[in-house]
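This report concerns only the one structure given below.
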Amino acid sequence: MPLVRIDIPSDTPSATVRQVADLVHKALVSSLNIPVADRFQTITRRASDEMVCAEEFLGIAHSPNVLVIQIVLAPRNGELKKALFSAIATEIADHTPFKAQDVIINLIETAKENWSFGNGIAQFA
Amino acid sequence: MPLVRIDIPSDTPSATVRQVADLVHKALVSSLNIPVADRFQTITRRASDEMVCAEEFLGIAHSPNVLVIQIVLAPRNGELKKALFSAIATEIADHTPFKAQDVIINLIETAKENWSFGNGIAQFA
Amino acid sequence: MPLVRIDIPSDTPSATVRQVADLVHKALVSSLNIPVADRFQTITRRASDEMVCAEEFLGIAHSPNVLVIQIVLAPRNGELKKALFSAIATEIADHTPFKAQDVIINLIETAKENWSFGNGIAQFA
């Protein structure tokens with residue numbers, strides 16, 4: 001059910017782009033226990049002037065090589081969301097050239113009845 | 001008031017892209033009874049590696065030729081939202097090469113006061 | 001904490017694109033009193049067939065030269081949101097070729113715990 005929108009610098013190699021998308025999905029599966037098959041993602045390659053991020057915010061420095069990951073999902077409790085943030089940043093920092101400090105994540109929670117996964121039916125209503 | 005974001009494969013002919021956008025709007029008008037003039041849409045053409053969708057989820061198979069339609073709108077009741085999903089998928093399947101099973105829809109509900117349609121005024125506050 | 005998504009016509013000069021992004025941020029700082037360093041924006045250049053806006057809605061005419069500004073932010077009261085709309089439209093109309101009537105704004109409010117600004121931590125949870 002999550003819809004994941006990943007914004008990634010346009011000079012990222014295609015293999016790394018795919019890896020980031022795979023790792024975000026892996027983190028969703030491991031932390032929220034969603035089905036592996038529940039994968040819906042869009043990826044936007046951004047030129048350097050199409051993504052503006054704070055150089056430093058809350059004491060965290062951001063390089064120009066930043067990721068913005070927006071996830072629309074059904075409501076979850078705070079502990080699960082913390083686990084999700086941690087899993088995404090850890091997976092990405094461990095397996096790609098992106099640094100944990102450059103992983104920006106935003107969640108938008110929306111009711112289960114607000115989704116159709118085909119055939120014009122609200123499968124979770 | 002809805003803001004509609006349509007993600008569509010980049011090899012879709014421009015006439016079909018426009019048709020999909022028109023049909024989504026037609027479905028919003030017919031099912032939610034919004035004014036015809038209330039049309040605000042963005043369309044993103046996606047290369048095949050910029051849109052990842054489950055090959056099968058909830059028993060519904062998805063081809064690579066998938067549409068992701070995200071609609072930000074004022075809150076509606078469940079019956080209206082079901083009617084909207086059905087109208088969008090039916091219009092698209094009936095009039096374009098896209099199949100009903102490949103129409104993924106997500107709604108984000110946000111208060112009426114969260115919109116400005118010009119001149120810096122919250123017209124519905 | 002806001003995540004700002006700006007959709008702008010693709011024939012806009014790059015200097016104007018940057019100016020619009022700067023002015024939206026300036027308006028957020030002045031009206032909501034967010035820190036100057038709290039800046040996270042994506043900018044999407046749209047071909048004319050990738051952004052469809054009502055020619056006239058609520059008595060406001062829209063030219064083809066329209067901006068769609070979507071801001072995901074923590075909940076704010078109605079007065080602050082009105083001030084934000086006004087500040088964005090005024091700044092843009094005063095300092096760029098875009099007209100106040102062509103500034104479309106949508107807010108999505110999401111809890112403070114729904115953000116991570118790096119290192120996989122929910123800094124405001």
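Following the order of the structure tokens, first chain is A, next is B, and so on, with residues numbered from 1 inside each chain and ligands from 1 in the order they appear.
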Can you superpose chain C onto chain A by least squares over all C-alpha atoms paired in order and give the moved copy as a compact mmCIF listing (two decimals) with N, CA, C and O atoms, in the first residue's frame?
```
# COMPACT_ATOMS: atom_id res chain seq x y z
N MET C 1 0.81 -1.19 -0.02
CA MET C 1 -0.03 0.00 -0.03
C MET C 1 0.79 1.29 -0.05
O MET C 1 0.33 2.31 -0.53
N PRO C 2 2.04 1.20 0.43
CA PRO C 2 2.75 2.49 0.32
C PRO C 2 2.94 2.89 -1.14
O PRO C 2 3.13 2.03 -2.00
N LEU C 3 2.87 4.19 -1.38
CA LEU C 3 3.33 4.77 -2.65
C LEU C 3 4.58 5.57 -2.31
O LEU C 3 4.53 6.49 -1.50
N VAL C 4 5.68 5.17 -2.91
CA VAL C 4 6.99 5.75 -2.58
C VAL C 4 7.46 6.63 -3.72
O VAL C 4 7.48 6.20 -4.87
N ARG C 5 7.81 7.87 -3.38
CA ARG C 5 8.37 8.78 -4.40
C ARG C 5 9.81 9.09 -3.99
O ARG C 5 10.05 9.66 -2.92
N ILE C 6 10.73 8.71 -4.85
CA ILE C 6 12.15 8.91 -4.57
C ILE C 6 12.69 9.98 -5.51
O ILE C 6 12.57 9.87 -6.72
N ASP C 7 13.27 11.03 -4.93
CA ASP C 7 13.98 12.05 -5.70
C ASP C 7 15.47 11.83 -5.51
O ASP C 7 15.95 11.77 -4.37
N ILE C 8 16.18 11.73 -6.62
CA ILE C 8 17.58 11.31 -6.58
C ILE C 8 18.38 12.15 -7.58
O ILE C 8 17.85 12.52 -8.63
N PRO C 9 19.62 12.52 -7.23
CA PRO C 9 20.40 13.34 -8.17
C PRO C 9 20.52 12.66 -9.53
O PRO C 9 20.73 11.45 -9.62
N SER C 10 20.42 13.47 -10.59
CA SER C 10 20.37 12.91 -11.94
C SER C 10 21.69 12.30 -12.38
O SER C 10 21.72 11.55 -13.35
N ASP C 11 22.77 12.60 -11.67
CA ASP C 11 24.05 11.98 -12.07
C ASP C 11 24.30 10.65 -11.34
O ASP C 11 25.39 10.10 -11.43
N THR C 12 23.29 10.15 -10.67
CA THR C 12 23.43 8.84 -10.01
C THR C 12 23.40 7.73 -11.06
O THR C 12 22.50 7.71 -11.91
N PRO C 13 24.37 6.80 -11.03
CA PRO C 13 24.33 5.70 -12.00
C PRO C 13 23.02 4.92 -11.87
O PRO C 13 22.49 4.75 -10.77
N SER C 14 22.55 4.41 -13.01
CA SER C 14 21.25 3.71 -13.01
C SER C 14 21.24 2.52 -12.07
O SER C 14 20.21 2.24 -11.43
N ALA C 15 22.37 1.83 -11.96
CA ALA C 15 22.39 0.68 -11.06
C ALA C 15 22.18 1.13 -9.61
O ALA C 15 21.51 0.44 -8.82
N THR C 16 22.73 2.28 -9.26
CA THR C 16 22.55 2.79 -7.90
C THR C 16 21.12 3.27 -7.68
O THR C 16 20.54 3.09 -6.60
N VAL C 17 20.53 3.87 -8.70
CA VAL C 17 19.13 4.30 -8.60
C VAL C 17 18.27 3.08 -8.26
O VAL C 17 17.46 3.11 -7.32
N ARG C 18 18.48 2.01 -8.99
CA ARG C 18 17.69 0.80 -8.75
C ARG C 18 17.94 0.23 -7.36
O ARG C 18 17.01 -0.20 -6.66
N GLN C 19 19.21 0.30 -6.96
CA GLN C 19 19.58 -0.22 -5.64
C GLN C 19 18.86 0.56 -4.53
O GLN C 19 18.34 -0.03 -3.57
N VAL C 20 18.84 1.88 -4.66
CA VAL C 20 18.15 2.70 -3.67
C VAL C 20 16.67 2.31 -3.60
O VAL C 20 16.11 2.11 -2.52
N ALA C 21 16.05 2.17 -4.77
CA ALA C 21 14.62 1.81 -4.80
C ALA C 21 14.41 0.45 -4.14
O ALA C 21 13.47 0.26 -3.35
N ASP C 22 15.29 -0.49 -4.46
CA ASP C 22 15.19 -1.83 -3.86
C ASP C 22 15.35 -1.77 -2.33
O ASP C 22 14.63 -2.44 -1.59
N LEU C 23 16.29 -0.97 -1.88
CA LEU C 23 16.58 -0.92 -0.44
C LEU C 23 15.45 -0.23 0.33
O LEU C 23 15.14 -0.62 1.46
N VAL C 24 14.87 0.80 -0.26
CA VAL C 24 13.72 1.44 0.40
C VAL C 24 12.60 0.42 0.55
O VAL C 24 11.97 0.31 1.61
N HIS C 25 12.39 -0.35 -0.50
CA HIS C 25 11.33 -1.36 -0.41
C HIS C 25 11.68 -2.43 0.64
O HIS C 25 10.83 -2.82 1.45
N LYS C 26 12.94 -2.85 0.64
CA LYS C 26 13.37 -3.86 1.63
C LYS C 26 13.13 -3.33 3.05
O LYS C 26 12.66 -4.07 3.93
N ALA C 27 13.41 -2.07 3.27
CA ALA C 27 13.22 -1.47 4.60
C ALA C 27 11.74 -1.42 4.97
O ALA C 27 11.37 -1.64 6.13
N LEU C 28 10.88 -1.14 4.00
CA LEU C 28 9.44 -1.14 4.26
C LEU C 28 8.96 -2.54 4.65
O LEU C 28 8.16 -2.70 5.57
N VAL C 29 9.46 -3.52 3.93
CA VAL C 29 9.05 -4.90 4.22
C VAL C 29 9.53 -5.32 5.60
O VAL C 29 8.77 -5.88 6.41
N SER C 30 10.79 -5.01 5.91
CA SER C 30 11.35 -5.50 7.18
C SER C 30 10.79 -4.74 8.38
O SER C 30 10.54 -5.33 9.44
N SER C 31 10.55 -3.45 8.24
CA SER C 31 10.14 -2.68 9.43
C SER C 31 8.63 -2.65 9.60
O SER C 31 8.13 -2.65 10.73
N LEU C 32 7.88 -2.59 8.51
CA LEU C 32 6.41 -2.50 8.62
C LEU C 32 5.73 -3.83 8.30
O LEU C 32 4.51 -3.95 8.39
N ASN C 33 6.54 -4.78 7.87
CA ASN C 33 5.99 -6.11 7.59
C ASN C 33 4.95 -6.08 6.47
O ASN C 33 3.98 -6.84 6.48
N ILE C 34 5.16 -5.23 5.49
CA ILE C 34 4.26 -5.24 4.33
C ILE C 34 4.64 -6.39 3.41
O ILE C 34 5.78 -6.88 3.44
N PRO C 35 3.72 -6.86 2.58
CA PRO C 35 4.07 -7.93 1.64
C PRO C 35 5.14 -7.48 0.64
O PRO C 35 5.14 -6.31 0.22
N VAL C 36 6.02 -8.39 0.29
CA VAL C 36 7.05 -8.08 -0.72
C VAL C 36 6.40 -7.59 -2.01
O VAL C 36 6.92 -6.71 -2.70
N ALA C 37 5.24 -8.15 -2.34
CA ALA C 37 4.59 -7.80 -3.61
C ALA C 37 3.93 -6.42 -3.57
O ALA C 37 3.51 -5.91 -4.60
N ASP C 38 3.88 -5.80 -2.40
CA ASP C 38 3.20 -4.50 -2.25
C ASP C 38 4.19 -3.37 -2.57
O ASP C 38 4.61 -2.63 -1.70
N ARG C 39 4.54 -3.26 -3.83
CA ARG C 39 5.59 -2.32 -4.22
C ARG C 39 5.12 -1.37 -5.33
O ARG C 39 4.85 -1.80 -6.45
N PHE C 40 5.05 -0.09 -5.00
CA PHE C 40 4.64 0.95 -5.94
C PHE C 40 5.55 2.15 -5.71
O PHE C 40 5.50 2.77 -4.65
N GLN C 41 6.39 2.45 -6.70
CA GLN C 41 7.40 3.49 -6.52
C GLN C 41 7.51 4.36 -7.78
O GLN C 41 7.40 3.84 -8.89
N THR C 42 7.74 5.63 -7.57
CA THR C 42 8.16 6.48 -8.69
C THR C 42 9.52 7.07 -8.34
O THR C 42 9.82 7.34 -7.17
N ILE C 43 10.33 7.23 -9.36
CA ILE C 43 11.69 7.72 -9.17
C ILE C 43 11.88 8.93 -10.07
O ILE C 43 11.60 8.86 -11.27
N THR C 44 12.34 10.03 -9.49
CA THR C 44 12.57 11.25 -10.26
C THR C 44 14.04 11.62 -10.17
O THR C 44 14.55 11.87 -9.09
N ARG C 45 14.68 11.63 -11.33
CA ARG C 45 16.08 12.09 -11.40
C ARG C 45 16.06 13.62 -11.42
O ARG C 45 15.39 14.21 -12.27
N ARG C 46 16.79 14.25 -10.55
CA ARG C 46 16.76 15.70 -10.40
C ARG C 46 18.12 16.30 -10.78
O ARG C 46 19.16 15.90 -10.23
N ALA C 47 18.10 17.28 -11.68
CA ALA C 47 19.29 18.10 -11.90
C ALA C 47 19.61 18.85 -10.61
O ALA C 47 18.75 18.99 -9.73
N SER C 48 20.85 19.34 -10.52
CA SER C 48 21.28 19.94 -9.25
C SER C 48 20.45 21.16 -8.88
O SER C 48 20.31 21.49 -7.71
N ASP C 49 19.87 21.83 -9.88
CA ASP C 49 19.06 23.00 -9.54
C ASP C 49 17.57 22.65 -9.36
O ASP C 49 16.73 23.53 -9.26
N GLU C 50 17.27 21.36 -9.32
CA GLU C 50 15.87 20.94 -9.15
C GLU C 50 15.62 20.26 -7.80
O GLU C 50 14.56 19.69 -7.55
N MET C 51 16.61 20.30 -6.94
CA MET C 51 16.46 19.75 -5.59
C MET C 51 17.30 20.65 -4.68
O MET C 51 18.51 20.74 -4.83
N VAL C 52 16.64 21.35 -3.78
CA VAL C 52 17.32 22.28 -2.89
C VAL C 52 17.19 21.73 -1.48
O VAL C 52 16.08 21.55 -0.99
N CYS C 53 18.31 21.44 -0.84
CA CYS C 53 18.24 20.96 0.54
C CYS C 53 19.15 21.80 1.42
O CYS C 53 20.21 22.25 1.00
N ALA C 54 18.71 21.99 2.64
CA ALA C 54 19.50 22.73 3.63
C ALA C 54 20.91 22.16 3.70
O ALA C 54 21.09 20.95 3.73
N GLU C 55 21.90 23.05 3.72
CA GLU C 55 23.29 22.57 3.89
C GLU C 55 23.50 21.99 5.28
O GLU C 55 24.28 21.08 5.48
N GLU C 56 22.81 22.59 6.25
CA GLU C 56 22.84 22.03 7.60
C GLU C 56 21.52 22.37 8.28
O GLU C 56 21.06 23.50 8.24
N PHE C 57 20.89 21.37 8.88
CA PHE C 57 19.64 21.59 9.60
C PHE C 57 19.63 20.64 10.78
O PHE C 57 19.95 19.45 10.64
N LEU C 58 19.31 21.16 11.95
CA LEU C 58 19.28 20.36 13.19
C LEU C 58 20.64 19.73 13.49
O LEU C 58 20.73 18.63 14.03
N GLY C 59 21.68 20.43 13.08
CA GLY C 59 23.03 19.94 13.34
C GLY C 59 23.49 18.85 12.39
O GLY C 59 24.57 18.29 12.55
N ILE C 60 22.67 18.55 11.37
CA ILE C 60 23.04 17.52 10.40
C ILE C 60 23.43 18.20 9.09
O ILE C 60 22.64 18.97 8.52
N ALA C 61 24.66 17.93 8.64
CA ALA C 61 25.13 18.51 7.38
C ALA C 61 24.60 17.69 6.21
O ALA C 61 24.52 16.45 6.29
N HIS C 62 24.19 18.37 5.13
CA HIS C 62 23.75 17.68 3.92
C HIS C 62 24.67 18.02 2.77
O HIS C 62 24.97 19.19 2.53
N SER C 63 25.12 17.00 2.06
CA SER C 63 25.92 17.21 0.85
C SER C 63 24.97 17.50 -0.31
O SER C 63 23.76 17.39 -0.18
N PRO C 64 25.52 17.85 -1.48
CA PRO C 64 24.62 17.99 -2.64
C PRO C 64 24.03 16.64 -3.06
O PRO C 64 23.06 16.58 -3.82
N ASN C 65 24.60 15.55 -2.54
CA ASN C 65 24.19 14.22 -2.96
C ASN C 65 23.13 13.67 -1.99
O ASN C 65 23.37 12.72 -1.24
N VAL C 66 21.97 14.28 -2.06
CA VAL C 66 20.93 14.02 -1.09
C VAL C 66 19.79 13.22 -1.74
O VAL C 66 19.59 13.26 -2.95
N LEU C 67 19.08 12.47 -0.92
CA LEU C 67 17.89 11.74 -1.38
C LEU C 67 16.67 12.29 -0.65
O LEU C 67 16.72 12.47 0.57
N VAL C 68 15.58 12.50 -1.37
CA VAL C 68 14.32 12.85 -0.72
C VAL C 68 13.35 11.70 -0.98
O VAL C 68 13.04 11.38 -2.13
N ILE C 69 12.91 11.08 0.08
CA ILE C 69 12.04 9.90 -0.02
C ILE C 69 10.72 10.22 0.65
O ILE C 69 10.66 10.45 1.86
N GLN C 70 9.67 10.28 -0.16
CA GLN C 70 8.33 10.57 0.37
C GLN C 70 7.48 9.31 0.25
O GLN C 70 7.40 8.72 -0.83
N ILE C 71 6.88 8.93 1.35
CA ILE C 71 6.11 7.69 1.38
C ILE C 71 4.69 7.98 1.83
O ILE C 71 4.47 8.48 2.93
N VAL C 72 3.74 7.70 0.96
CA VAL C 72 2.32 7.80 1.33
C VAL C 72 1.91 6.40 1.77
O VAL C 72 2.11 5.43 1.04
N LEU C 73 1.35 6.31 2.96
CA LEU C 73 1.04 4.98 3.50
C LEU C 73 -0.14 5.06 4.47
O LEU C 73 -0.53 6.14 4.89
N ALA C 74 -0.68 3.91 4.80
CA ALA C 74 -1.74 3.85 5.80
C ALA C 74 -1.12 4.20 7.17
O ALA C 74 0.07 4.00 7.39
N PRO C 75 -1.94 4.74 8.08
CA PRO C 75 -1.42 5.16 9.38
C PRO C 75 -0.67 4.04 10.11
O PRO C 75 -1.08 2.87 10.09
N ARG C 76 0.44 4.40 10.74
CA ARG C 76 1.24 3.48 11.55
C ARG C 76 1.55 4.16 12.88
O ARG C 76 1.56 5.39 12.96
N ASN C 77 1.86 3.38 13.91
CA ASN C 77 2.23 4.01 15.18
C ASN C 77 3.67 4.53 15.13
O ASN C 77 4.46 4.20 14.24
N GLY C 78 3.98 5.37 16.11
CA GLY C 78 5.26 6.06 16.15
C GLY C 78 6.47 5.13 16.17
O GLY C 78 7.48 5.40 15.51
N GLU C 79 6.36 4.03 16.89
CA GLU C 79 7.51 3.11 16.98
C GLU C 79 7.81 2.49 15.62
O GLU C 79 8.96 2.36 15.23
N LEU C 80 6.76 2.11 14.91
CA LEU C 80 6.97 1.52 13.58
C LEU C 80 7.58 2.55 12.63
O LEU C 80 8.46 2.21 11.82
N LYS C 81 7.14 3.78 12.75
CA LYS C 81 7.69 4.81 11.85
C LYS C 81 9.16 5.08 12.16
O LYS C 81 9.97 5.25 11.25
N LYS C 82 9.49 5.07 13.45
CA LYS C 82 10.91 5.23 13.81
C LYS C 82 11.74 4.08 13.24
O LYS C 82 12.85 4.28 12.73
N ALA C 83 11.20 2.87 13.34
CA ALA C 83 11.91 1.71 12.81
C ALA C 83 12.09 1.82 11.30
O ALA C 83 13.14 1.46 10.75
N LEU C 84 11.07 2.35 10.64
CA LEU C 84 11.15 2.52 9.19
C LEU C 84 12.24 3.52 8.81
O LEU C 84 13.07 3.25 7.92
N PHE C 85 12.25 4.68 9.48
CA PHE C 85 13.29 5.68 9.19
C PHE C 85 14.68 5.06 9.35
O PHE C 85 15.57 5.23 8.50
N SER C 86 14.86 4.38 10.45
CA SER C 86 16.16 3.79 10.74
C SER C 86 16.55 2.76 9.69
O SER C 86 17.69 2.73 9.20
N ALA C 87 15.59 1.91 9.32
CA ALA C 87 15.88 0.85 8.35
C ALA C 87 16.26 1.44 6.99
O ALA C 87 17.21 0.99 6.34
N ILE C 88 15.53 2.45 6.56
CA ILE C 88 15.82 3.05 5.25
C ILE C 88 17.23 3.65 5.24
O ILE C 88 18.04 3.38 4.35
N ALA C 89 17.52 4.47 6.25
CA ALA C 89 18.83 5.14 6.26
C ALA C 89 19.97 4.13 6.39
O ALA C 89 21.01 4.26 5.75
N THR C 90 19.77 3.13 7.22
CA THR C 90 20.82 2.13 7.42
C THR C 90 21.07 1.32 6.15
O THR C 90 22.22 1.13 5.73
N GLU C 91 20.01 0.86 5.53
CA GLU C 91 20.17 0.08 4.30
C GLU C 91 20.91 0.89 3.22
O GLU C 91 21.83 0.39 2.56
N ILE C 92 20.49 2.14 3.07
CA ILE C 92 21.08 2.96 2.01
C ILE C 92 22.54 3.28 2.33
O ILE C 92 23.42 3.18 1.46
N ALA C 93 22.82 3.64 3.57
CA ALA C 93 24.21 3.99 3.93
C ALA C 93 25.12 2.76 3.87
O ALA C 93 26.30 2.87 3.54
N ASP C 94 24.58 1.61 4.19
CA ASP C 94 25.41 0.39 4.20
C ASP C 94 25.71 -0.13 2.80
O ASP C 94 26.72 -0.79 2.58
N HIS C 95 24.81 0.16 1.85
CA HIS C 95 24.93 -0.53 0.56
C HIS C 95 25.07 0.38 -0.65
O HIS C 95 25.18 -0.10 -1.78
N THR C 96 25.02 1.69 -0.46
CA THR C 96 25.16 2.61 -1.61
C THR C 96 26.13 3.73 -1.22
O THR C 96 26.48 3.86 -0.04
N PRO C 97 26.52 4.55 -2.19
CA PRO C 97 27.41 5.69 -1.84
C PRO C 97 26.71 6.80 -1.07
O PRO C 97 27.37 7.71 -0.58
N PHE C 98 25.38 6.76 -0.96
CA PHE C 98 24.69 7.82 -0.21
C PHE C 98 24.95 7.66 1.29
O PHE C 98 25.03 6.55 1.81
N LYS C 99 25.07 8.81 1.97
CA LYS C 99 25.32 8.81 3.42
C LYS C 99 24.00 8.88 4.19
O LYS C 99 23.04 9.52 3.74
N ALA C 100 23.98 8.31 5.37
CA ALA C 100 22.77 8.32 6.21
C ALA C 100 22.28 9.75 6.46
O ALA C 100 21.07 10.01 6.52
N GLN C 101 23.21 10.67 6.60
CA GLN C 101 22.80 12.05 6.90
C GLN C 101 22.11 12.72 5.70
O GLN C 101 21.45 13.75 5.86
N ASP C 102 22.28 12.15 4.51
CA ASP C 102 21.70 12.73 3.31
C ASP C 102 20.38 12.06 2.91
O ASP C 102 19.87 12.29 1.81
N VAL C 103 19.85 11.25 3.78
CA VAL C 103 18.57 10.58 3.50
C VAL C 103 17.45 11.34 4.21
O VAL C 103 17.30 11.26 5.44
N ILE C 104 16.67 12.08 3.44
CA ILE C 104 15.55 12.87 3.98
C ILE C 104 14.28 12.07 3.72
O ILE C 104 14.04 11.63 2.59
N ILE C 105 13.48 11.89 4.75
CA ILE C 105 12.27 11.07 4.60
C ILE C 105 11.05 11.82 5.12
O ILE C 105 11.11 12.46 6.17
N ASN C 106 9.98 11.75 4.36
CA ASN C 106 8.71 12.34 4.80
C ASN C 106 7.59 11.31 4.58
O ASN C 106 7.51 10.70 3.52
N LEU C 107 6.77 11.14 5.61
CA LEU C 107 5.62 10.23 5.50
C LEU C 107 4.33 11.03 5.42
O LEU C 107 4.16 12.04 6.12
N ILE C 108 3.42 10.57 4.58
CA ILE C 108 2.06 11.11 4.54
C ILE C 108 1.13 9.93 4.80
O ILE C 108 1.11 8.97 4.03
N GLU C 109 0.37 10.02 5.89
CA GLU C 109 -0.53 8.92 6.23
C GLU C 109 -1.92 9.19 5.66
O GLU C 109 -2.44 10.29 5.79
N THR C 110 -2.49 8.18 5.04
CA THR C 110 -3.81 8.34 4.44
C THR C 110 -4.58 7.02 4.61
O THR C 110 -3.99 5.95 4.62
N ALA C 111 -5.88 7.14 4.78
CA ALA C 111 -6.70 5.99 5.18
C ALA C 111 -6.60 4.83 4.18
O ALA C 111 -6.36 5.04 2.99
N LYS C 112 -6.81 3.63 4.70
CA LYS C 112 -6.75 2.43 3.86
C LYS C 112 -7.76 2.46 2.72
O LYS C 112 -7.54 1.85 1.67
N GLU C 113 -8.87 3.15 2.96
CA GLU C 113 -9.90 3.19 1.92
C GLU C 113 -9.52 4.13 0.77
O GLU C 113 -10.27 4.25 -0.20
N ASN C 114 -8.36 4.79 0.89
CA ASN C 114 -7.95 5.77 -0.11
C ASN C 114 -7.06 5.20 -1.20
O ASN C 114 -6.29 5.92 -1.83
N TRP C 115 -7.17 3.89 -1.41
CA TRP C 115 -6.28 3.25 -2.39
C TRP C 115 -7.07 2.33 -3.31
O TRP C 115 -7.96 1.61 -2.87
N SER C 116 -6.67 2.34 -4.56
CA SER C 116 -7.14 1.31 -5.48
C SER C 116 -5.93 0.74 -6.20
O SER C 116 -5.14 1.48 -6.80
N PHE C 117 -5.79 -0.58 -6.14
CA PHE C 117 -4.64 -1.23 -6.77
C PHE C 117 -5.03 -1.93 -8.05
O PHE C 117 -4.47 -2.96 -8.42
N GLY C 118 -5.99 -1.35 -8.73
CA GLY C 118 -6.39 -1.90 -10.02
C GLY C 118 -7.87 -2.21 -10.06
O GLY C 118 -8.53 -2.39 -9.02
N ASN C 119 -8.43 -2.19 -11.26
CA ASN C 119 -9.83 -2.54 -11.51
C ASN C 119 -10.83 -1.59 -10.87
O ASN C 119 -12.02 -1.92 -10.77
N GLY C 120 -10.38 -0.43 -10.44
CA GLY C 120 -11.30 0.58 -9.93
C GLY C 120 -11.95 0.21 -8.61
O GLY C 120 -13.01 0.73 -8.27
N ILE C 121 -11.32 -0.70 -7.89
CA ILE C 121 -11.88 -1.16 -6.62
C ILE C 121 -11.01 -0.67 -5.46
O ILE C 121 -9.78 -0.66 -5.57
N ALA C 122 -11.65 -0.25 -4.38
CA ALA C 122 -10.91 0.12 -3.16
C ALA C 122 -10.70 -1.16 -2.36
O ALA C 122 -11.52 -1.53 -1.53
N GLN C 123 -9.58 -1.82 -2.61
CA GLN C 123 -9.39 -3.18 -2.07
C GLN C 123 -9.39 -3.24 -0.55
O GLN C 123 -9.69 -4.28 0.03
N PHE C 124 -9.07 -2.13 0.11
CA PHE C 124 -9.00 -2.15 1.57
C PHE C 124 -10.14 -1.38 2.24
O PHE C 124 -10.08 -1.09 3.43
N ALA C 125 -11.16 -1.01 1.46
CA ALA C 125 -12.27 -0.25 2.05
C ALA C 125 -13.19 -1.19 2.84
O ALA C 125 -13.26 -2.38 2.57
```
Practice task
Just the strand (DSSP E or B) stuff from chain A, please, per backbone DSSP, written as a PyMOL selection string.
Solution key: chain A and resi 3-9+40-46+51-53+56-57+60-61+67-73+103-109+115-117
Exercise for the section: Per DSSP on the backbone, filter region 1-114 of chain C down to the residues in alpha helix (DSSP H) and report them as a PyMOL selection string. Expected result: chain C and resi 14-32+78-95
